[in-house]
>>> print(open('start.pdb').read())   # PDB, C-alpha atoms
MODEL        1
ATOM      1  CA  MET A 270     -22.765 -11.563 -49.606  1.00  0.00           C
ATOM      2  CA  THR A 271     -23.364 -11.596 -45.894  1.00  0.00           C
ATOM      3  CA  LYS A 272     -22.553  -8.861 -43.457  1.00  0.00           C
ATOM      4  CA  HIS A 273     -19.994  -9.225 -40.746  1.00  0.00           C
ATOM      5  CA  PRO A 274     -21.707 -10.725 -37.656  1.00  0.00           C
ATOM      6  CA  ASN A 275     -20.605  -7.801 -35.416  1.00  0.00           C
ATOM      7  CA  LYS A 276     -22.270  -5.144 -37.572  1.00  0.00           C
ATOM      8  CA  ASN A 277     -25.558  -3.774 -36.345  1.00  0.00           C
ATOM      9  CA  VAL A 278     -28.155  -4.912 -38.801  1.00  0.00           C
ATOM     10  CA  GLY A 279     -30.432  -2.067 -39.804  1.00  0.00           C
ATOM     11  CA  SER A 280     -28.305   0.609 -38.157  1.00  0.00           C
ATOM     12  CA  HIS A 281     -28.732   4.200 -39.274  1.00  0.00           C
ATOM     13  CA  LEU A 282     -25.246   4.073 -40.785  1.00  0.00           C
ATOM     14  CA  ASP A 283     -26.310   1.286 -43.133  1.00  0.00           C
ATOM     15  CA  ALA A 284     -29.262   3.372 -44.278  1.00  0.00           C
ATOM     16  CA  GLU A 285     -27.008   6.334 -45.034  1.00  0.00           C
ATOM     17  CA  TYR A 286     -24.490   4.200 -46.951  1.00  0.00           C
ATOM     18  CA  PRO A 287     -26.272   1.598 -49.089  1.00  0.00           C
ATOM     19  CA  ASP A 288     -22.932   0.127 -50.239  1.00  0.00           C
ATOM     20  CA  SER A 289     -21.971  -0.514 -46.619  1.00  0.00           C
ATOM     21  CA  GLU A 290     -20.091  -3.679 -47.556  1.00  0.00           C
ATOM     22  CA  GLU A 291     -17.437  -1.532 -49.266  1.00  0.00           C
ATOM     23  CA  ILE A 292     -17.036   1.096 -46.529  1.00  0.00           C
ATOM     24  CA  SER A 293     -16.115   0.088 -43.019  1.00  0.00           C
ATOM     25  CA  LYS A 294     -18.089   1.389 -40.067  1.00  0.00           C
ATOM     26  CA  SER A 295     -14.958   3.147 -38.798  1.00  0.00           C
ATOM     27  CA  GLN A 296     -14.533   4.943 -42.117  1.00  0.00           C
ATOM     28  CA  ARG A 297     -18.166   6.048 -42.096  1.00  0.00           C
ATOM     29  CA  LYS A 298     -17.705   7.458 -38.591  1.00  0.00           C
ATOM     30  CA  ARG A 299     -14.534   9.278 -39.661  1.00  0.00           C
ATOM     31  CA  ASP A 300     -16.430  10.734 -42.610  1.00  0.00           C
ATOM     32  CA  MET A 301     -19.256  11.901 -40.325  1.00  0.00           C
ATOM     33  CA  HIS A 302     -16.791  13.496 -37.899  1.00  0.00           C
ATOM     34  CA  ALA A 303     -15.067  15.261 -40.797  1.00  0.00           C
ATOM     35  CA  LEU A 304     -18.404  16.681 -41.959  1.00  0.00           C
ATOM     36  CA  GLN A 305     -19.187  17.821 -38.404  1.00  0.00           C
ATOM     37  CA  ALA A 306     -15.779  19.519 -38.224  1.00  0.00           C
ATOM     38  CA  LEU A 307     -16.501  21.269 -41.517  1.00  0.00           C
ATOM     39  CA  GLY A 308     -19.860  22.319 -40.089  1.00  0.00           C
ATOM     40  CA  GLN A 309     -18.036  23.686 -37.029  1.00  0.00           C
ATOM     41  CA  ARG A 310     -15.804  25.756 -39.322  1.00  0.00           C
ATOM     42  CA  LEU A 311     -18.923  27.158 -40.995  1.00  0.00           C
ATOM     43  CA  VAL A 312     -20.405  28.062 -37.600  1.00  0.00           C
ATOM     44  CA  GLU A 313     -17.179  29.810 -36.530  1.00  0.00           C
ATOM     45  CA  LEU A 314     -16.842  31.900 -39.705  1.00  0.00           C
ATOM     46  CA  PRO A 315     -17.477  35.639 -39.371  1.00  0.00           C
ATOM     47  CA  LYS A 316     -20.955  36.573 -40.583  1.00  0.00           C
ATOM     48  CA  GLU A 317     -19.633  38.429 -43.657  1.00  0.00           C
ATOM     49  CA  GLN A 318     -17.650  35.393 -44.800  1.00  0.00           C
ATOM     50  CA  LEU A 319     -20.503  32.983 -44.090  1.00  0.00           C
ATOM     51  CA  GLU A 320     -22.781  35.012 -46.359  1.00  0.00           C
ATOM     52  CA  LYS A 321     -20.296  34.540 -49.225  1.00  0.00           C
ATOM     53  CA  ILE A 322     -20.462  30.737 -48.991  1.00  0.00           C
ATOM     54  CA  ASP A 323     -22.782  29.146 -51.560  1.00  0.00           C
ATOM     55  CA  MET A 324     -24.824  26.457 -49.795  1.00  0.00           C
ATOM     56  CA  GLU A 325     -28.326  25.044 -49.568  1.00  0.00           C
ATOM     57  CA  GLU A 326     -30.822  27.060 -47.560  1.00  0.00           C
ATOM     58  CA  LYS A 327     -31.468  24.162 -45.173  1.00  0.00           C
ATOM     59  CA  LEU A 328     -27.763  24.033 -44.291  1.00  0.00           C
ATOM     60  CA  ARG A 329     -27.541  27.821 -43.947  1.00  0.00           C
ATOM     61  CA  ASP A 330     -30.502  27.796 -41.531  1.00  0.00           C
ATOM     62  CA  ALA A 331     -28.915  25.017 -39.444  1.00  0.00           C
ATOM     63  CA  VAL A 332     -25.582  26.885 -39.304  1.00  0.00           C
ATOM     64  CA  ASN A 333     -27.276  30.149 -38.308  1.00  0.00           C
ATOM     65  CA  GLU A 334     -29.200  28.292 -35.600  1.00  0.00           C
ATOM     66  CA  ALA A 335     -25.958  26.790 -34.257  1.00  0.00           C
ATOM     67  CA  ARG A 336     -24.415  30.272 -34.047  1.00  0.00           C
ATOM     68  CA  HIS A 337     -27.021  31.184 -31.419  1.00  0.00           C
ATOM     69  CA  ILE A 338     -26.684  28.063 -29.261  1.00  0.00           C
ATOM     70  CA  ARG A 339     -24.591  28.475 -26.104  1.00  0.00           C
ATOM     71  CA  GLN A 340     -25.130  25.148 -24.311  1.00  0.00           C
ATOM     72  CA  HIS A 341     -22.434  22.600 -25.104  1.00  0.00           C
ATOM     73  CA  GLY A 342     -24.736  19.588 -25.459  1.00  0.00           C
ATOM     74  CA  ALA A 343     -27.222  21.417 -27.642  1.00  0.00           C
ATOM     75  CA  LEU A 344     -24.437  22.769 -29.843  1.00  0.00           C
ATOM     76  CA  LYS A 345     -22.985  19.274 -30.217  1.00  0.00           C
ATOM     77  CA  ARG A 346     -26.378  17.944 -31.336  1.00  0.00           C
ATOM     78  CA  GLN A 347     -26.767  20.828 -33.775  1.00  0.00           C
ATOM     79  CA  LEU A 348     -23.315  20.128 -35.253  1.00  0.00           C
ATOM     80  CA  GLN A 349     -24.317  16.474 -35.687  1.00  0.00           C
ATOM     81  CA  TYR A 350     -27.441  17.674 -37.499  1.00  0.00           C
ATOM     82  CA  ILE A 351     -25.315  19.930 -39.722  1.00  0.00           C
ATOM     83  CA  GLY A 352     -23.072  16.943 -40.492  1.00  0.00           C
ATOM     84  CA  LYS A 353     -26.141  14.899 -41.418  1.00  0.00           C
ATOM     85  CA  ILE A 354     -27.356  17.610 -43.803  1.00  0.00           C
ATOM     86  CA  MET A 355     -23.900  17.829 -45.353  1.00  0.00           C
ATOM     87  CA  ARG A 356     -23.916  14.116 -46.224  1.00  0.00           C
ATOM     88  CA  GLY A 357     -26.450  14.902 -48.944  1.00  0.00           C
ATOM     89  CA  ILE A 358     -24.584  17.834 -50.499  1.00  0.00           C
ATOM     90  CA  ASP A 359     -21.203  18.570 -52.062  1.00  0.00           C
ATOM     91  CA  ALA A 360     -19.099  19.179 -48.963  1.00  0.00           C
ATOM     92  CA  ALA A 361     -15.900  19.476 -51.033  1.00  0.00           C
ATOM     93  CA  SER A 362     -17.292  22.609 -52.679  1.00  0.00           C
ATOM     94  CA  ILE A 363     -17.991  24.180 -49.289  1.00  0.00           C
ATOM     95  CA  GLN A 364     -14.511  23.199 -48.089  1.00  0.00           C
ATOM     96  CA  GLU A 365     -12.948  24.894 -51.131  1.00  0.00           C
ATOM     97  CA  GLN A 366     -14.977  28.053 -50.560  1.00  0.00           C
ATOM     98  CA  ILE A 367     -13.902  28.257 -46.915  1.00  0.00           C
ATOM     99  CA  ASP A 368     -10.260  27.658 -47.835  1.00  0.00           C
ATOM    100  CA  THR A 369     -10.448  30.377 -50.492  1.00  0.00           C
ATOM    101  CA  LEU A 370     -12.000  32.866 -48.075  1.00  0.00           C
ATOM    102  CA  GLN A 371      -9.453  32.131 -45.376  1.00  0.00           C
ATOM    103  CA  GLY A 372      -6.649  32.265 -47.917  1.00  0.00           C
ATOM    104  CA  HIS A 373      -7.752  35.744 -48.928  1.00  0.00           C
ATOM    105  CA  SER A 374      -7.957  36.660 -45.278  1.00  0.00           C
ATOM    106  CA  ASN A 375      -4.411  35.393 -44.645  1.00  0.00           C
ATOM    107  CA  GLN A 376      -3.159  37.246 -47.703  1.00  0.00           C
ATOM    108  CA  ALA A 377      -4.832  40.466 -46.523  1.00  0.00           C
ATOM    109  CA  THR A 378      -3.198  40.062 -43.100  1.00  0.00           C
ATOM    110  CA  GLN A 379       0.210  39.588 -44.699  1.00  0.00           C
ATOM    111  CA  THR A 380      -0.328  42.705 -46.812  1.00  0.00           C
ATOM    112  CA  LEU A 381      -1.205  44.753 -43.728  1.00  0.00           C
ATOM    113  CA  HIS A 382       1.942  43.497 -41.989  1.00  0.00           C
ATOM    114  CA  THR A 383       4.022  44.510 -45.006  1.00  0.00           C
ATOM    115  CA  ILE A 384       2.471  47.985 -44.996  1.00  0.00           C
ATOM    116  CA  GLU A 385       3.118  48.300 -41.268  1.00  0.00           C
ATOM    117  CA  ARG A 386       6.776  47.325 -41.725  1.00  0.00           C
ATOM    118  CA  TRP A 387       7.182  49.915 -44.486  1.00  0.00           C
ATOM    119  CA  ARG A 388       5.641  52.609 -42.309  1.00  0.00           C
ATOM    120  CA  GLU A 389       7.934  51.787 -39.390  1.00  0.00           C
ATOM    121  CA  ARG A 390      10.995  51.736 -41.637  1.00  0.00           C
ATOM    122  CA  LEU A 391      10.042  55.043 -43.241  1.00  0.00           C
ATOM    123  CA  ILE A 392       9.607  56.706 -39.849  1.00  0.00           C
ATOM    124  CA  THR A 393      12.793  55.283 -38.326  1.00  0.00           C
ATOM    125  CA  GLU A 394      15.150  55.093 -41.335  1.00  0.00           C
ATOM    126  CA  SER A 395      13.741  58.067 -43.308  1.00  0.00           C
ATOM    127  CA  ASP A 396      15.780  58.683 -46.483  1.00  0.00           C
ATOM    128  CA  HIS A 397      17.251  55.204 -46.926  1.00  0.00           C
ATOM    129  CA  ALA A 398      13.843  53.494 -46.642  1.00  0.00           C
ATOM    130  CA  LEU A 399      12.200  56.193 -48.800  1.00  0.00           C
ATOM    131  CA  GLU A 400      14.705  55.595 -51.609  1.00  0.00           C
ATOM    132  CA  GLU A 401      14.081  51.862 -51.425  1.00  0.00           C
ATOM    133  CA  LEU A 402      10.303  52.370 -51.501  1.00  0.00           C
ATOM    134  CA  VAL A 403      10.449  54.742 -54.474  1.00  0.00           C
ATOM    135  CA  ASN A 404      12.685  52.291 -56.351  1.00  0.00           C
ATOM    136  CA  GLN A 405      10.132  49.509 -55.826  1.00  0.00           C
ATOM    137  CA  TYR A 406       7.105  51.748 -56.440  1.00  0.00           C
ATOM    138  CA  PRO A 407       8.085  54.498 -58.924  1.00  0.00           C
ATOM    139  CA  GLN A 408       4.532  55.896 -58.910  1.00  0.00           C
ATOM    140  CA  ALA A 409       4.988  56.952 -55.253  1.00  0.00           C
ATOM    141  CA  ASP A 410       4.804  60.684 -54.529  1.00  0.00           C
ATOM    142  CA  ARG A 411       8.225  61.286 -52.971  1.00  0.00           C
ATOM    143  CA  GLN A 412       7.464  64.820 -51.752  1.00  0.00           C
ATOM    144  CA  TYR A 413       4.178  63.831 -50.096  1.00  0.00           C
ATOM    145  CA  LEU A 414       5.853  60.847 -48.440  1.00  0.00           C
ATOM    146  CA  ARG A 415       8.660  63.058 -47.067  1.00  0.00           C
ATOM    147  CA  GLN A 416       6.071  65.416 -45.597  1.00  0.00           C
ATOM    148  CA  LEU A 417       4.142  62.549 -43.960  1.00  0.00           C
ATOM    149  CA  ILE A 418       7.334  60.993 -42.589  1.00  0.00           C
ATOM    150  CA  ARG A 419       8.539  64.323 -41.164  1.00  0.00           C
ATOM    151  CA  ASN A 420       5.150  64.999 -39.530  1.00  0.00           C
ATOM    152  CA  ALA A 421       4.922  61.434 -38.143  1.00  0.00           C
ATOM    153  CA  GLN A 422       8.409  61.756 -36.619  1.00  0.00           C
ATOM    154  CA  LYS A 423       7.487  65.118 -35.088  1.00  0.00           C
ATOM    155  CA  GLU A 424       4.239  63.718 -33.633  1.00  0.00           C
ATOM    156  CA  SER A 425       6.135  60.801 -32.160  1.00  0.00           C
ATOM    157  CA  LEU A 426       8.703  63.059 -30.471  1.00  0.00           C
ATOM    158  CA  GLU A 427       6.000  65.326 -29.044  1.00  0.00           C
ATOM    159  CA  ASN A 428       3.802  62.388 -27.932  1.00  0.00           C
ATOM    160  CA  LYS A 429       0.908  63.677 -30.023  1.00  0.00           C
ATOM    161  CA  ALA A 430      -1.815  61.603 -31.661  1.00  0.00           C
ATOM    162  CA  PRO A 431      -0.347  59.704 -34.623  1.00  0.00           C
ATOM    163  CA  LYS A 432      -2.462  61.455 -37.280  1.00  0.00           C
ATOM    164  CA  SER A 433       0.323  61.633 -39.887  1.00  0.00           C
ATOM    165  CA  SER A 434       1.367  58.075 -39.115  1.00  0.00           C
ATOM    166  CA  ARG A 435      -2.179  56.907 -39.906  1.00  0.00           C
ATOM    167  CA  THR A 436      -2.242  58.988 -43.063  1.00  0.00           C
ATOM    168  CA  LEU A 437       1.109  57.469 -44.074  1.00  0.00           C
ATOM    169  CA  PHE A 438      -0.316  53.988 -43.492  1.00  0.00           C
ATOM    170  CA  GLN A 439      -3.361  54.782 -45.668  1.00  0.00           C
ATOM    171  CA  TYR A 440      -1.177  56.157 -48.446  1.00  0.00           C
ATOM    172  CA  LEU A 441       1.066  53.086 -48.329  1.00  0.00           C
ATOM    173  CA  ARG A 442      -1.977  50.802 -48.442  1.00  0.00           C
ATOM    174  CA  GLU A 443      -3.194  52.547 -51.614  1.00  0.00           C
ATOM    175  CA  LEU A 444       0.294  52.409 -53.104  1.00  0.00           C
ATOM    176  CA  LEU A 445       0.981  48.745 -52.328  1.00  0.00           C
ATOM    177  CA  THR A 446      -2.440  47.325 -53.255  1.00  0.00           C
TER     178      THR A 446
ENDMDL
END
>>> encode(input="start.pdb", output="structure tokens")
Amino acid sequence: MTKHPNKNVGSHLDAEYPDSEEISKSQRKRDMHALQALGQRLVELPKEQLEKIDMEEKLRDAVNEARHIRQHGALKRQLQYIGKIMRGIDAASIQEQIDTLQGHSNQATQTLHTIERWRERLITESDHALEELVNQYPQADRQYLRQLIRNAQKESLENKAPKSSRTLFQYLRELLT
């Protein structure tokens, strides 16, 4: 088989993809851009989440290096290098790990919002919201919750620091999780 006359013979893309007759040059470029975008997501992850990702040491070093680069052109080159490294590894596995971490993060955010809504309802609606909460979570300490709600309402009226409101939030977090 002969190559299409417009293809660059001996290009670096052909070296990376030995079966270049089956994959178009445009598809190879799209694949490279996708790997660079995945590399960008790795670079933008918080340090704690990045440490949880299982990857080759060479890739981890390149990502950590990119995190310190501030010049646009240099960062772009580093992301291209990260994409090149990722061509030789299982990028799908890294993608799954990132999605899992961000899914947990989204779920944690939703849980915090739910806790915050319960706290606000308990402070504003008092007894009605407390009954609803105790029905959903029978293990809840009704007396302790009443005390926290009463103190949080009092602090709010007197424009004091929301100590009881914070304590109520912490108790709800333990109860709901």
>>> resolve_selection(input="start.pdb", expression="the PyMOL selection byres ((chain A and resi 388-391) around 10)", output="PDB file with C-alpha atoms, in the coordinates of the input")
ATOM      1  CA  HIS A 382       1.942  43.497 -41.989  1.00  0.00           C
ATOM      2  CA  THR A 383       4.022  44.510 -45.006  1.00  0.00           C
ATOM      3  CA  ILE A 384       2.471  47.985 -44.996  1.00  0.00           C
ATOM      4  CA  GLU A 385       3.118  48.300 -41.268  1.00  0.00           C
ATOM      5  CA  ARG A 386       6.776  47.325 -41.725  1.00  0.00           C
ATOM      6  CA  TRP A 387       7.182  49.915 -44.486  1.00  0.00           C
ATOM      7  CA  ILE A 392       9.607  56.706 -39.849  1.00  0.00           C
ATOM      8  CA  THR A 393      12.793  55.283 -38.326  1.00  0.00           C
ATOM      9  CA  GLU A 394      15.150  55.093 -41.335  1.00  0.00           C
ATOM     10  CA  SER A 395      13.741  58.067 -43.308  1.00  0.00           C
ATOM     11  CA  ASP A 396      15.780  58.683 -46.483  1.00  0.00           C
ATOM     12  CA  HIS A 397      17.251  55.204 -46.926  1.00  0.00           C
ATOM     13  CA  ALA A 398      13.843  53.494 -46.642  1.00  0.00           C
ATOM     14  CA  LEU A 399      12.200  56.193 -48.800  1.00  0.00           C
ATOM     15  CA  GLU A 400      14.705  55.595 -51.609  1.00  0.00           C
ATOM     16  CA  GLU A 401      14.081  51.862 -51.425  1.00  0.00           C
ATOM     17  CA  LEU A 402      10.303  52.370 -51.501  1.00  0.00           C
ATOM     18  CA  LEU A 414       5.853  60.847 -48.440  1.00  0.00           C
ATOM     19  CA  ARG A 415       8.660  63.058 -47.067  1.00  0.00           C
ATOM     20  CA  LEU A 417       4.142  62.549 -43.960  1.00  0.00           C
ATOM     21  CA  ILE A 418       7.334  60.993 -42.589  1.00  0.00           C
ATOM     22  CA  ARG A 419       8.539  64.323 -41.164  1.00  0.00           C
ATOM     23  CA  ALA A 421       4.922  61.434 -38.143  1.00  0.00           C
ATOM     24  CA  GLN A 422       8.409  61.756 -36.619  1.00  0.00           C
ATOM     25  CA  SER A 434       1.367  58.075 -39.115  1.00  0.00           C
ATOM     26  CA  ARG A 435      -2.179  56.907 -39.906  1.00  0.00           C
ATOM     27  CA  LEU A 437       1.109  57.469 -44.074  1.00  0.00           C
ATOM     28  CA  PHE A 438      -0.316  53.988 -43.492  1.00  0.00           C
ATOM     29  CA  GLN A 439      -3.361  54.782 -45.668  1.00  0.00           C
ATOM     30  CA  TYR A 440      -1.177  56.157 -48.446  1.00  0.00           C
ATOM     31  CA  LEU A 441       1.066  53.086 -48.329  1.00  0.00           C
ATOM     32  CA  ARG A 442      -1.977  50.802 -48.442  1.00  0.00           C
TER      33      ARG A 442
END
>>> resolve_selection(input="start.pdb", expression="the PyMOL selection byres ((chain A and resi 322-330) around 10)", output="ChimeraX atom specification")
/A:308,311-312,317-321,331-336,350-355,358-360,362-367,370
>>> atom_distance(input="start.pdb", atom1="CA of Asn420 in chain A", atom2="CA of Ser433 in chain A")
5.9 Å
>>> atom_distance(input="start.pdb", atom1="CA of Gln408 in chain A", atom2="CA of Thr378 in chain A")
23.7 Å
>>> atom_distance(input="start.pdb", atom1="CA of Gly372 in chain A", atom2="CA of Glu313 in chain A")
15.7 Å
>>> closest_residue(input="start.pdb", among="A:Thr369, A:Gly342, A:Arg356, A:Lys316", to="Arg297 in chain A", atoms="only C-alpha atoms")
A:Arg356
>>> closest_residue(input="start.pdb", among="A:Ala430, A:Leu444, A:Leu348, A:Val403", to="Met301 in chain A", atoms="only C-alpha atoms")
A:Leu348
